[in-house]
Amino acid sequence: MPESSRREIEDLVELLNQYHLTELELEKKGVRIRVRRDPAPIITAPSIEVATTVEPISSTPSSPSVQPSESLHFLTVTSPIVGTFYRASSPDADPYVDEGTLVKKGQILCIVEAMKLMNEIEAEADGKVVKVLVESTTPVEFGQPLFLIDPL
Amino acid sequence: MPESSRREIEDLVELLNQYHLTELELEKKGVRIRVRRDPAPIITAPSIEVATTVEPISSTPSSPSVQPSESLHFLTVTSPIVGTFYRASSPDADPYVDEGTLVKKGQILCIVEAMKLMNEIEAEADGKVVKVLVESTTPVEFGQPLFLIDPL
Amino acid sequence: MFKKILIANRGEIALRVIRACRELGIRTVAIHSEVDAQSLHVRYADEHVCVGPAEGGLSYRNIPNVLSAAEITGVDAIHPGYGFLAENAHFAEVCESIGITFIGPSSEHIALLSDKSQARAHMKKHGIPVLPGSDGEIEDPKACRSTAKKLGYPVIVKASAGGGGRGMRVVWHEEDLDQAVESAQLEASTAFGHGGVYLERFFEDPRHIEFQVMADHQGHVVHFQERDCSVQRRYQKVVEESPSPALDESTRRKMGQVAVKVMKSVKYRNAGTVEFLMDAKGQFYFMEVNTRIQVEHAVTEVVTGVDLIKEQIRVAAGHGLSYKQSDIQLVGHAIECRINAEDPVRMTPSPGVVTKFCVPGGPGIRVDTAMDTSGVVSPFYDSMIAKLIASGRDRSEALARMRRALDEFVIEGIQSNILLHRRILDHPDFQKGPVSTRFLDRLLTLQSV
Amino acid sequence: MFKKILIANRGEIALRVIRACRELGIRTVAIHSEVDAQSLHVRYADEHVCVGPAEGGLSYRNIPNVLSAAEITGVDAIHPGYGFLAENAHFAEVCESIGITFIGPSSEHIALLSDKSQARAHMKKHGIPVLPGSDGEIEDPKACRSTAKKLGYPVIVKASAGGGGRGMRVVWHEEDLDQAVESAQLEASTAFGHGGVYLERFFEDPRHIEFQVMADHQGHVVHFQERDCSVQRRYQKVVEESPSPALDESTRRKMGQVAVKVMKSVKYRNAGTVEFLMDAKGQFYFMEVNTRIQVEHAVTEVVTGVDLIKEQIRVAAGHGLSYKQSDIQLVGHAIECRINAEDPVRMTPSPGVVTKFCVPGGPGIRVDTAMDTSGVVSPFYDSMIAKLIASGRDRSEALARMRRALDEFVIEGIQSNILLHRRILDHPDFQKGPVSTRFLDRLLTLQSV
C-alpha cells in the first residue's frame, strides 16, 4: 500500500472518530462520498452524585504491571495492590526517584503501604522516569498508573 | 486527501446531524443522492404469545384514506372505521366490485358494518380495482387497506 | 367470569389492566391509535385493533370505533381505565344497551355524580357534610351576592360540569364577584357545554384527602382508607400517599364511614373515590366522587395488599366483594410520584424519543409504566410516563426509599420532573407533613425568586 | 451508626446493600475487579476502588486488597454480601482485629458453624433434632459400616467442610460404602482442604425448609418465619417461596422455636439462616446454619415488610433489634425466581453482551438486578443476573403474578432460564405444592425423555 493511501485512510479514520461516524466511503473522480452513523446503544452513568476519593481507572488491561502507554513509547508502572503511595521510605528521606532519574530493572521506585506493610515497587526494566503520576501519601487502587518510564 | 474532499465530507456530516440521518450518500455528475434514517431504538416484541385475530397494521400514515401504495402507482383504499367488511349488500347479492372492475369516483366499493350500521365505502377516484385485500365478512380495523386501485 | 376484555385506554393504565386480566386468565384486546401501533400495551395484549388516528377524539374517545372494536373481537366487557371514556355516561349507557359490561359504575351514577352541583345537593340531603355554599347553581346575580356575603369572602365559583380547575374562580372581594361568575360561566360553557356554576366557601390551606371505595352489585360497600393528594400543581396531583399524615385514627374512622355512606346513598357499584377537603382544624367536607379507578390507586394497593383492578373486574362480573371492611388493614406507608415528561423549568410537556429508560428496583419499589427501555413520548397524549411507588414500614422509610429510587431512575432523550420530585421530597415541610394543596405552588414560587 | 460502609461484593447484592445504606444515609464504597469498572454497583456507590483483575480470587476474595481498600477509604464497616468472603472466618477475624466492623456474625460463629460435623454435634448436645447419623467424622471403616447398618440404607456421606453438593455421596448398598467414603474424602480434601466426612440417613424426597433469623448483640433473637427452597437443581436453589406450602401453623411454630434455640445455643448475632430437612411425614431435622444473608432473603422481606439488610446494619452498629417476635407476621405470599444467564438446554452459564433488558413491573413485583438496560454478563462470576420476586394475597395470586411477570421479562443478547421457570410454574405438582428437592431433577429428566 503506498504511503499516500495510508495517509488517506488515516484521514478518514480521523474524521470517523471526530464525528462519531460508523461508516465513511469516498470515491475519487466520479466523486461519490458516503457517510453513515448508526444509532448505537450508549451506556451512560445514572443521575446520581458520585463523590470519588479514589480516581477511577477507565480501562486498565489485566495482569502485567508494566504496560505500553498511549504514546507507545513509555511504560506505565501500575500499582499491583491497593494501598497508600509513598515516594520515599520516610517523611524525611529523599524520594526513591524523581522525574528524570535513570533507573535499573529491580530498583525501588516507591512504596505502597497496605495493612501496615510497606510494599516496595520495583522497576521492571531499565529506563528513565518520565513522569510521576501520583502524589506521595495518596491512596491508590489496583492497577492505578504510578509512573511513566522511558525504556532504554 | 484534498482539502475539498474533507470539506465535502464535513458538509455531509453537518447535514447528517441537522436532520438526524444515519446515512447520506452523494455521487456528483451521475447525480445519485441517497439519504437514510434508521429508526434508532429498535422495539422488538416481548416473549409473550400474541394471538391476533385482527391483522396489525405496520405503518399506516395518518389521515387520508387514499394513499399511494408501495408501487407508487396504485391507490390504497383503507377502512375509515372499525367494523366488519362486506363485499356485497347481502349474502345473495353480487359483490359491489371485483378485481378488474372499472370504478368511478363515488362508486360504492364495499360496506363496513359497525354497530349494526352499514357504512358504504366509496371510491375516491376513477380507476380499476387491482386487488381486493380483505375477504368478505372479515373484521377490519381503522386504516386497514381494503383495495388497491389503479387510477386512470 | 369474563372471557375477554377490551381495554379502552393506552399507556400505563392499559398495561395495568392487561396485567390484572393475565393474572385472572382473561384474554385481552388492546385498542390503539395509529401512532401507538408499537406501544407496549399493544404488544402485551392478546389482540389489538387500531381505532383511529393519533388525536384522542378520533381514536381512544371515538365511541363508534371503540365499540365496533369490542364487537368484532367479541369481548364480554370493556375496562375504560381513567381519562378518555372513563367518565362518559353516554359511553357507559351504550355499552349497557348492547350487552357489553362497562367495568365501572352505571351510566346513571356517572351522570349524577359528574354534575358537581347536583351531587352536592344530593349529599347535603343525605346528611353528608358538604362545603358551605349556594343551594344549587347560581341563577340571579343579586341572590348570588347575598349568598357570598353569608358565606364570607373569599368564595369560590365552580362549574357544575367542571374538572381539572377549569371554570373555577376564587373571589376575594364582593366587587369582583359578578365578573368572576360571568367569566366562569363562559369558560364552563366553552369547556363542558354547560355553563352552570355554584358558590362555595374558599379555604386557603386545605388538604386533599380521598377515600378509595369499592361496591359490589349486592350492595356491599368497603373503603380502603385514605390517600393524601395535597401535593398538587394547578389542580393536578403530583405526589400521593397513604395513609395521610394529616389524619388521626378517629378522624380516619369517621371519614371512612362518611365515604361509605356517600356511596350507599347512590347505591354505587364498582370502584370510586370520595374526595374530601379538610381544613387546618381537621374539619372535613365532601367535595366530589370520582366514578373511575384513579391514577393513584396503586398506593392503596401497596398498603392494603388488595389488587383493586382485579377486584373491579370481579365485581363487574357479578361477584361479591372478596373483602370485608375488617379485612382492610393499612400495613406500612406508600407514596407515589407521577413521573412526567416535562420541561423542568417551564413545566410544559416534553415529548420526544426516549433513548434510555432504566427504572429503579429493590425493596419497596413498584413501577407502573408503559415505557420500554426506549420508546416515544407522544405529544398527543398525557405527559405522565411512569408511576413510581415507594413503600416502607413507616412514612420515613417510604420517603427514604423514594429518594433513593428517584436517584436511580435514568431517563434520557426527554426531560422529566424527577428533579422536581427530589425538591418536594427534600423539603422539610413535606418531610414533616402534612402539607396543604398550596404547598407546591409556594415551593415553585419561592424557587423562582 | 456507621458513617461509611464498604461492600465487599458485586452484582445485585452489592446494589441491595448500597440501597439500604442510601436509605439509612450511610456513604458507600464499592470494590470492583478490572472488568467490573463500569458495573452498576460501582456507579451507584459514593466511592469505588479497584481491587484486582477479573478472577475473583485475585480481586473480590483478595483479603489484603479488600482491607486496604477499606483502610484508604476510611470505612467503619464492611458488608460481605453472600459468596466471596461472606463465610470466611479468617476475613471476619482480620476485620475485627483492625477495628472494622464485619457486618455479620463473629469469626468464631463462622468457624464453628461452617464445620458441619462439629455443628451437628453441638446441636445434638443442645437437644436440637439432627438427622440420624454418625457421631462426628468417620475414622474407622468398620465402625462406619456398623453405623450405616444401624441407620439403615440409603445413607449419605457428607464432607464436614462441604457445601453446594461437593464431597457428598449417596450410598444404597453396604458394598458401595467404603469406596463412597474414600472418594468423598478425596473430593472434600481437594475442594476444601479438609477431608473429614460423616454419615447421615438419606431421605429420598425431603423438603428444604429454612428459617431466617436475626440476633442482636444484646442476646435477642427473632425469626422471620420460613422459606421453602425445595426447588433445587444439583443443590442449587432455583425457586424459593414464603410461607412454605408444606407447613401447618403448629409445625411452623415448632420449627421457629427450634431455629431460635439453635441460634441462642451459639450466642449468634446478626443475620443467619437455620436450614432444616423435612421428611414426607412432616418430621424435621436440623441440617446447617448459613452464617450470611442469603440470595433468597428478599422473599422474607416481602412477606414480613422487614428490610433485613438495614436490620443487619443496625444490629452490627450495636442497636437492639427493632422487632419483637410478635411483630413478625407473614402477610400474603411471595415467590422468587432466580434468573440466570444460562443455556436453556445444557443449563451451562451463557455469558455475553446483553442487548436488551426490560424488567417486569406493576403490582406485587420486585426486581433485584445489577443489570442495566444493557450490560455484560461476565464469564468470571456467578450466572445469576436478576432475582424476580412476585407476591400476592395468597400463593395462587403470587404464582399468577410470577407467570405474567416471566412473560413480560425481556432479555436479549444472552440466553436465560426464563422458560425453565415457566415450566416449573406451569407444573401441576408445583402449583398444588409442596414439592420435594427432587422435583426439579424429575421434571428435567422427564422432559428430556
# chains A, B, ... in the order shown; residues from 1 in each chain; ligands from 1
>>> residues_around(residues="Ala184 (chain D)", least_positions_apart="6", cutoff="9 Å", atoms="only C-alpha atoms", output="PDB file with all heavy atoms, in the first residue's frame")
ATOM      1  N   VAL D 157     -23.007 -39.768  52.635  1.00  0.00           N
ATOM      2  CA  VAL D 157     -21.700 -39.371  53.144  1.00  0.00           C
ATOM      3  C   VAL D 157     -21.543 -37.889  52.849  1.00  0.00           C
ATOM      4  O   VAL D 157     -21.751 -37.456  51.717  1.00  0.00           O
ATOM      5  CB  VAL D 157     -20.573 -40.160  52.435  1.00  0.00           C
ATOM      6  CG1 VAL D 157     -19.216 -39.829  53.055  1.00  0.00           C
ATOM      7  CG2 VAL D 157     -20.849 -41.650  52.475  1.00  0.00           C
ATOM      8  N   LYS D 158     -21.217 -37.097  53.880  1.00  0.00           N
ATOM      9  CA  LYS D 158     -21.102 -35.652  53.676  1.00  0.00           C
ATOM     10  C   LYS D 158     -19.770 -35.136  54.190  1.00  0.00           C
ATOM     11  O   LYS D 158     -19.288 -35.576  55.235  1.00  0.00           O
ATOM     12  CB  LYS D 158     -22.198 -34.909  54.450  1.00  0.00           C
ATOM     13  CG  LYS D 158     -23.572 -34.960  53.826  1.00  0.00           C
ATOM     14  CD  LYS D 158     -24.510 -34.062  54.629  1.00  0.00           C
ATOM     15  CE  LYS D 158     -25.925 -34.075  54.076  1.00  0.00           C
ATOM     16  NZ  LYS D 158     -26.828 -33.299  54.965  1.00  0.00           N
ATOM     17  N   ALA D 159     -19.199 -34.163  53.486  1.00  0.00           N
ATOM     18  CA  ALA D 159     -17.957 -33.539  53.933  1.00  0.00           C
ATOM     19  C   ALA D 159     -18.264 -32.534  55.041  1.00  0.00           C
ATOM     20  O   ALA D 159     -19.216 -31.762  54.931  1.00  0.00           O
ATOM     21  CB  ALA D 159     -17.284 -32.837  52.768  1.00  0.00           C
ATOM     22  N   ARG D 166     -20.695 -30.658  46.975  1.00  0.00           N
ATOM     23  CA  ARG D 166     -19.395 -31.285  46.785  1.00  0.00           C
ATOM     24  C   ARG D 166     -18.996 -32.109  48.021  1.00  0.00           C
ATOM     25  O   ARG D 166     -19.297 -31.736  49.155  1.00  0.00           O
ATOM     26  CB  ARG D 166     -18.335 -30.225  46.469  1.00  0.00           C
ATOM     27  CG  ARG D 166     -18.436 -29.844  44.981  1.00  0.00           C
ATOM     28  CD  ARG D 166     -17.293 -28.971  44.553  1.00  0.00           C
ATOM     29  NE  ARG D 166     -17.312 -27.709  45.303  1.00  0.00           N
ATOM     30  CZ  ARG D 166     -16.396 -26.750  45.131  1.00  0.00           C
ATOM     31  NH1 ARG D 166     -15.410 -26.929  44.279  1.00  0.00           N
ATOM     32  NH2 ARG D 166     -16.478 -25.638  45.818  1.00  0.00           N
ATOM     33  N   GLY D 167     -18.329 -33.230  47.789  1.00  0.00           N
ATOM     34  CA  GLY D 167     -17.958 -34.128  48.877  1.00  0.00           C
ATOM     35  C   GLY D 167     -19.144 -34.885  49.439  1.00  0.00           C
ATOM     36  O   GLY D 167     -19.149 -35.287  50.589  1.00  0.00           O
ATOM     37  N   MET D 168     -20.160 -35.083  48.622  1.00  0.00           N
ATOM     38  CA  MET D 168     -21.358 -35.817  49.047  1.00  0.00           C
ATOM     39  C   MET D 168     -21.506 -37.084  48.223  1.00  0.00           C
ATOM     40  O   MET D 168     -21.251 -37.089  47.025  1.00  0.00           O
ATOM     41  CB  MET D 168     -22.608 -34.961  48.816  1.00  0.00           C
ATOM     42  CG  MET D 168     -22.923 -34.000  49.922  1.00  0.00           C
ATOM     43  SD  MET D 168     -24.614 -33.388  49.699  1.00  0.00           S
ATOM     44  CE  MET D 168     -24.605 -32.022  50.829  1.00  0.00           C
ATOM     45  N   ARG D 169     -21.941 -38.152  48.854  1.00  0.00           N
ATOM     46  CA  ARG D 169     -22.201 -39.410  48.146  1.00  0.00           C
ATOM     47  C   ARG D 169     -23.404 -40.097  48.790  1.00  0.00           C
ATOM     48  O   ARG D 169     -23.423 -40.274  50.022  1.00  0.00           O
ATOM     49  CB  ARG D 169     -21.004 -40.369  48.258  1.00  0.00           C
ATOM     50  CG  ARG D 169     -19.728 -39.925  47.572  1.00  0.00           C
ATOM     51  CD  ARG D 169     -19.811 -40.028  46.046  1.00  0.00           C
ATOM     52  NE  ARG D 169     -18.557 -39.644  45.435  1.00  0.00           N
ATOM     53  CZ  ARG D 169     -18.121 -38.380  45.298  1.00  0.00           C
ATOM     54  NH1 ARG D 169     -18.854 -37.375  45.744  1.00  0.00           N
ATOM     55  NH2 ARG D 169     -16.954 -38.121  44.727  1.00  0.00           N
ATOM     56  N   GLY D 195     -10.445 -33.278  54.596  1.00  0.00           N
ATOM     57  CA  GLY D 195     -11.077 -34.461  54.023  1.00  0.00           C
ATOM     58  C   GLY D 195     -12.099 -35.141  54.920  1.00  0.00           C
ATOM     59  O   GLY D 195     -12.646 -36.184  54.556  1.00  0.00           O
ATOM     60  N   GLY D 196     -12.372 -34.561  56.093  1.00  0.00           N
ATOM     61  CA  GLY D 196     -13.279 -35.217  57.036  1.00  0.00           C
ATOM     62  C   GLY D 196     -14.696 -35.351  56.502  1.00  0.00           C
ATOM     63  O   GLY D 196     -15.230 -34.408  55.925  1.00  0.00           O
ATOM     64  N   VAL D 197     -15.281 -36.551  56.686  1.00  0.00           N
ATOM     65  CA  VAL D 197     -16.665 -36.758  56.263  1.00  0.00           C
ATOM     66  C   VAL D 197     -17.446 -37.432  57.393  1.00  0.00           C
ATOM     67  O   VAL D 197     -16.870 -38.001  58.319  1.00  0.00           O
ATOM     68  CB  VAL D 197     -16.754 -37.644  54.993  1.00  0.00           C
ATOM     69  CG1 VAL D 197     -16.035 -36.988  53.814  1.00  0.00           C
ATOM     70  CG2 VAL D 197     -16.186 -39.033  55.252  1.00  0.00           C
TER      71      VAL D 197
END
>>> residues_around(residues="region 20-22 of chain D", least_positions_apart="3", cutoff="8 Å", atoms="only C-alpha atoms", output="PyMOL selection string")
(chain C and resi 400+404) or (chain D and resi 5+16-17+25-28+309-310)
>>> closest_atom_pairs(of="chain C", to="chain B", cutoff="9 Å", atoms="only C-alpha atoms", output="CSV")
residue,atom,partner,partner_atom,distance
C:Ser33,CA,B:Phe142,CA,8.6
C:Glu34,CA,B:Ser62,CA,6.9
C:Val35,CA,B:Ser62,CA,8.1
C:Ala37,CA,B:Ser58,CA,7.3
C:Gln38,CA,B:Ile43,CA,7.6
C:Leu40,CA,B:Ala45,CA,8.6
C:Arg43,CA,B:Ala45,CA,6.3
C:Tyr44,CA,B:Ile48,CA,7.3
C:Ala45,CA,B:Val50,CA,7.1
C:Asp46,CA,B:Val50,CA,5.1
C:Glu47,CA,B:Thr52,CA,4.8
C:His48,CA,B:Val54,CA,6.8
C:Val49,CA,B:Glu141,CA,5.6
C:Cys50,CA,B:Phe142,CA,5.2
C:Val51,CA,B:Phe142,CA,5.0
C:Gly52,CA,B:Phe142,CA,5.4
C:Pro53,CA,B:Ser62,CA,5.8
C:Ala54,CA,B:Ser62,CA,7.4
C:Ser59,CA,B:Phe142,CA,9.0
C:Pro64,CA,B:Met115,CA,7.1
C:Asn65,CA,B:Val82,CA,5.2
C:Val66,CA,B:Val82,CA,7.8
C:Leu67,CA,B:Met115,CA,7.3
C:Ser68,CA,B:Gly83,CA,5.4
C:Ala69,CA,B:Val82,CA,6.1
C:Glu71,CA,B:Met115,CA,7.7
C:Ile72,CA,B:Pro139,CA,5.8
C:Thr73,CA,B:Thr53,CA,7.5
C:Ile98,CA,B:Met115,CA,8.9
C:Val353,CA,B:Pro41,CA,8.7
C:Val354,CA,B:Pro41,CA,8.6
C:Thr355,CA,B:Pro41,CA,7.0
C:Asp372,CA,B:Ile43,CA,8.2
C:Thr373,CA,B:Ile43,CA,8.9
C:Ser374,CA,B:Pro41,CA,6.4
C:Gly375,CA,B:Pro41,CA,7.3
>>> residues_around(residues="Lys105 (chain A)", least_positions_apart="3", cutoff="6 Å", atoms="only C-alpha atoms", output="PyMOL selection string")
chain A and resi 123-126
>>> interface_residues(of="chain D", to="chain C", cutoff="9 Å", atoms="only C-alpha atoms", output="MDAnalysis selection string")
chainID D and resid 15:16 19:20 22:25 44 298 301:302 305:307 331:332 356:369 372:373 392:393 397 399:405 408
>>> select_by_dssp(residues="region 4-101 of chain D", states="strand (DSSP E)", output="PyMOL selection string")
chain D and resi 4-7+27-33+47-52+77-79+101
>>> atom_distance(atom1="CA of Arg395 (chain D)", atom2="CA of Ala259 (chain D)")
24.1 Å
>>> atom_distance(atom1="CA of Ile418 (chain D)", atom2="CA of Pro344 (chain D)")
8.4 Å
>>> residues_around(residues="region 208-224 of chain D", least_positions_apart="6", cutoff="7 Å", atoms="only C-alpha atoms", output="count of residues only")
25
>>> residues_around(residues="Val112 (chain B)", least_positions_apart="6", cutoff="7 Å", atoms="only C-alpha atoms", output="CSV table (one decimal) with C-alpha atoms, in the first residue's frame")
chain,number,residue,atom,x,y,z
B,83,GLY,CA,-66.1,-2.9,11.7
B,84,THR,CA,-66.9,-5.9,9.5
B,85,PHE,CA,-66.1,-5.8,5.8
B,86,TYR,CA,-68.7,-6.9,3.3
B,118,MET,CA,-73.9,-0.3,7.1
B,119,ASN,CA,-71.3,2.2,6.1
B,120,GLU,CA,-70.8,2.4,2.3
>>> residues_around(residues="Leu146 (chain B)", least_positions_apart="5", cutoff="8 Å", atoms="only C-alpha atoms", output="ChimeraX atom specification")
/B:76-79,132-134
>>> atom_distance(atom1="CA of Gln185 (chain D)", atom2="CA of Leu444 (chain D)")
29.5 Å
>>> select_by_dssp(residues="region 81-246 of chain C", states="alpha helix (DSSP H)", output="number ranges by chain")
C: 89-97, 107-114, 116-125, 141-151, 177-192
